[in-house]
Amino acid sequence: MKTPPSIPPTTELAEALGDAHAVWKGLIAQLAQDFSGLREEWKPSKRPFGKVCLLKQKDRTLLYLLPDRSIFEVSIVLGERAVAIALAGDLPKEIKTMIAGARQYAEGRGIRFPVGSAMQIADIRKLVAIKTTPK
């Protein structure tokens, strides 16, 4: 059995992300306020950083964070009910277009986009809130 990768040292992540590290930390802090018990789980990745961060609540993955050089991407998978809520909501047109055009899989529709500023944190929080909306 393989041992999962440990959380990378903060300095290693900060060095890789550069200015985006503050946005990364801010996003995680905001989501931790919104979702009690939020935890990071790191897995190997073929991306340049070599690891991907899953933000989980209990056993459910809420969001994937994909660090790269000087930037990071977020990825989220929405079930059909969440897709309908997202498309009817007040998310930016670009995100709605990604959701509408995403291929449907058994686990839902996945989208991925780069995060360039702290202003995007509000939209990411909305997406995670939509994903976790109770039935």
# chains A, B, ... in the order shown; residues from 1 in each chain; ligands from 1
$ select_by_dssp --residues "chain A" --states "strand (DSSP E or B)" --output "PyMOL selection string"
chain A and resi 38-44+51-57+60-67+72-78+104-105+108-115
$ residues_around --residues "A:Arg47" --least-positions-apart "5" --cutoff "10 Å" --atoms "only C-alpha atoms" --output "PDB file with C-alpha atoms, in the first residue's frame"
ATOM      1  CA  VAL A  52      -2.782  18.069  -5.921  1.00  0.00           C
ATOM      2  CA  LEU A  66      -3.979  22.267  -8.468  1.00  0.00           C
ATOM      3  CA  PRO A  67      -0.793  24.228  -7.738  1.00  0.00           C
ATOM      4  CA  ASP A  68       1.443  25.234 -10.604  1.00  0.00           C
ATOM      5  CA  ARG A  69       4.189  27.765 -11.135  1.00  0.00           C
TER       6      ARG A  69
END
$ atom_distance --atom1 "atom CA of A:Phe72" --atom2 "atom CA of A:Lys51"
11.7 Å
$ closest_residue --among "A:Gly37, A:Leu27, A:Val83, A:Lys135" --to "A:Ala100" --atoms "only C-alpha atoms"
A:Val83
$ closest_residue --among "A:Ser70, A:Ile76, A:Ala29, A:Arg60" --to "A:Ala102" --atoms "only C-alpha atoms"
A:Ile76
$ select_by_dssp --residues "chain A" --states "alpha helix (DSSP H)" --output "ChimeraX atom specification"
/A:10-17,20-34,80-88,93-101,121-131
$ atom_distance --atom1 "atom CA of A:Arg103" --atom2 "atom CA of A:Lys126"
21.0 Å
$ closest_residue --among "A:Gln30, A:Tyr64, A:Gly108, A:Thr97" --to "A:Gln120" --atoms "only C-alpha atoms"
A:Gln30
$ closest_residue --among "A:Ser45, A:Ile130, A:Ile7, A:Ser36" --to "A:Asp90" --atoms "only C-alpha atoms"
A:Ile130
$ residues_around --residues "A:Asp19" --least-positions-apart "5" --cutoff "12 Å" --atoms "only C-alpha atoms" --output "PDB file with C-alpha atoms, in the first residue's frame"
ATOM      1  CA  LEU A  13       4.228  25.691  -1.807  1.00  0.00           C
ATOM      2  CA  ALA A  14       4.780  29.440  -1.325  1.00  0.00           C
ATOM      3  CA  TRP A  24      -4.490  30.055  -1.996  1.00  0.00           C
ATOM      4  CA  LYS A  25      -4.298  30.619   1.766  1.00  0.00           C
ATOM      5  CA  GLY A  26      -7.213  33.049   1.684  1.00  0.00           C
ATOM      6  CA  ASP A  68       1.443  25.234 -10.604  1.00  0.00           C
ATOM      7  CA  ARG A  69       4.189  27.765 -11.135  1.00  0.00           C
ATOM      8  CA  SER A  70       2.979  31.217 -10.039  1.00  0.00           C
ATOM      9  CA  ILE A  71      -0.692  30.204 -10.309  1.00  0.00           C
ATOM     10  CA  PHE A  72      -3.173  27.554  -9.289  1.00  0.00           C
ATOM     11  CA  VAL A 115      -7.458  31.480 -10.034  1.00  0.00           C
ATOM     12  CA  GLY A 116      -5.741  34.777 -10.594  1.00  0.00           C
ATOM     13  CA  SER A 117      -7.054  37.003  -7.849  1.00  0.00           C
ATOM     14  CA  ALA A 118      -8.693  37.059  -4.438  1.00  0.00           C
TER      15      ALA A 118
END
$ residues_around --residues "A:Leu65" --least-positions-apart "2" --cutoff "8 Å" --atoms "only C-alpha atoms" --output "PyMOL selection string"
chain A and resi 52-55+63+67+72-75
$ decode --residues "stretch 30-81 of chain A" --atoms "C-alpha atoms" --output "compact mmCIF listing (two decimals), in the first residue's frame"
# COMPACT_ATOMS: atom_id res chain seq x y z
CA GLN A 30 -12.65 31.22 3.81
CA LEU A 31 -13.79 27.68 3.00
CA ALA A 32 -12.71 26.50 6.46
CA GLN A 33 -15.05 29.15 7.93
CA ASP A 34 -17.90 27.99 5.67
CA PHE A 35 -17.45 24.24 6.13
CA SER A 36 -16.59 22.86 9.54
CA GLY A 37 -14.13 19.99 9.56
CA LEU A 38 -12.60 21.01 6.23
CA ARG A 39 -9.26 19.29 5.74
CA GLU A 40 -6.54 19.09 3.12
CA GLU A 41 -5.59 15.78 1.56
CA TRP A 42 -2.65 15.68 -0.82
CA LYS A 43 -2.29 13.21 -3.70
CA PRO A 44 0.40 12.69 -6.33
CA SER A 45 -0.09 14.49 -9.64
CA LYS A 46 1.59 14.65 -13.02
CA ARG A 47 1.35 18.42 -12.92
CA PRO A 48 4.59 20.41 -12.50
CA PHE A 49 4.22 20.74 -8.71
CA GLY A 50 3.80 16.97 -8.40
CA LYS A 51 0.87 17.09 -5.97
CA VAL A 52 -2.78 18.07 -5.92
CA CYS A 53 -4.72 19.22 -2.86
CA LEU A 54 -8.20 17.90 -2.19
CA LEU A 55 -10.30 19.94 0.20
CA LYS A 56 -12.53 17.46 1.96
CA GLN A 57 -15.31 17.47 4.49
CA LYS A 58 -15.52 14.03 6.04
CA ASP A 59 -15.10 11.69 3.04
CA ARG A 60 -16.51 14.10 0.46
CA THR A 61 -14.19 16.03 -1.82
CA LEU A 62 -15.53 19.57 -2.11
CA LEU A 63 -12.81 21.11 -4.26
CA TYR A 64 -9.51 20.25 -5.92
CA LEU A 65 -6.64 22.76 -5.81
CA LEU A 66 -3.98 22.27 -8.47
CA PRO A 67 -0.79 24.23 -7.74
CA ASP A 68 1.44 25.23 -10.60
CA ARG A 69 4.19 27.76 -11.13
CA SER A 70 2.98 31.22 -10.04
CA ILE A 71 -0.69 30.20 -10.31
CA PHE A 72 -3.17 27.55 -9.29
CA GLU A 73 -6.36 26.10 -10.67
CA VAL A 74 -9.50 24.92 -8.93
CA SER A 75 -11.59 22.00 -10.08
CA ILE A 76 -15.05 21.07 -8.87
CA VAL A 77 -17.54 18.37 -9.82
CA LEU A 78 -21.23 19.22 -9.62
CA GLY A 79 -24.11 16.76 -9.69
CA GLU A 80 -27.09 17.52 -11.93
CA ARG A 81 -29.11 19.15 -9.14
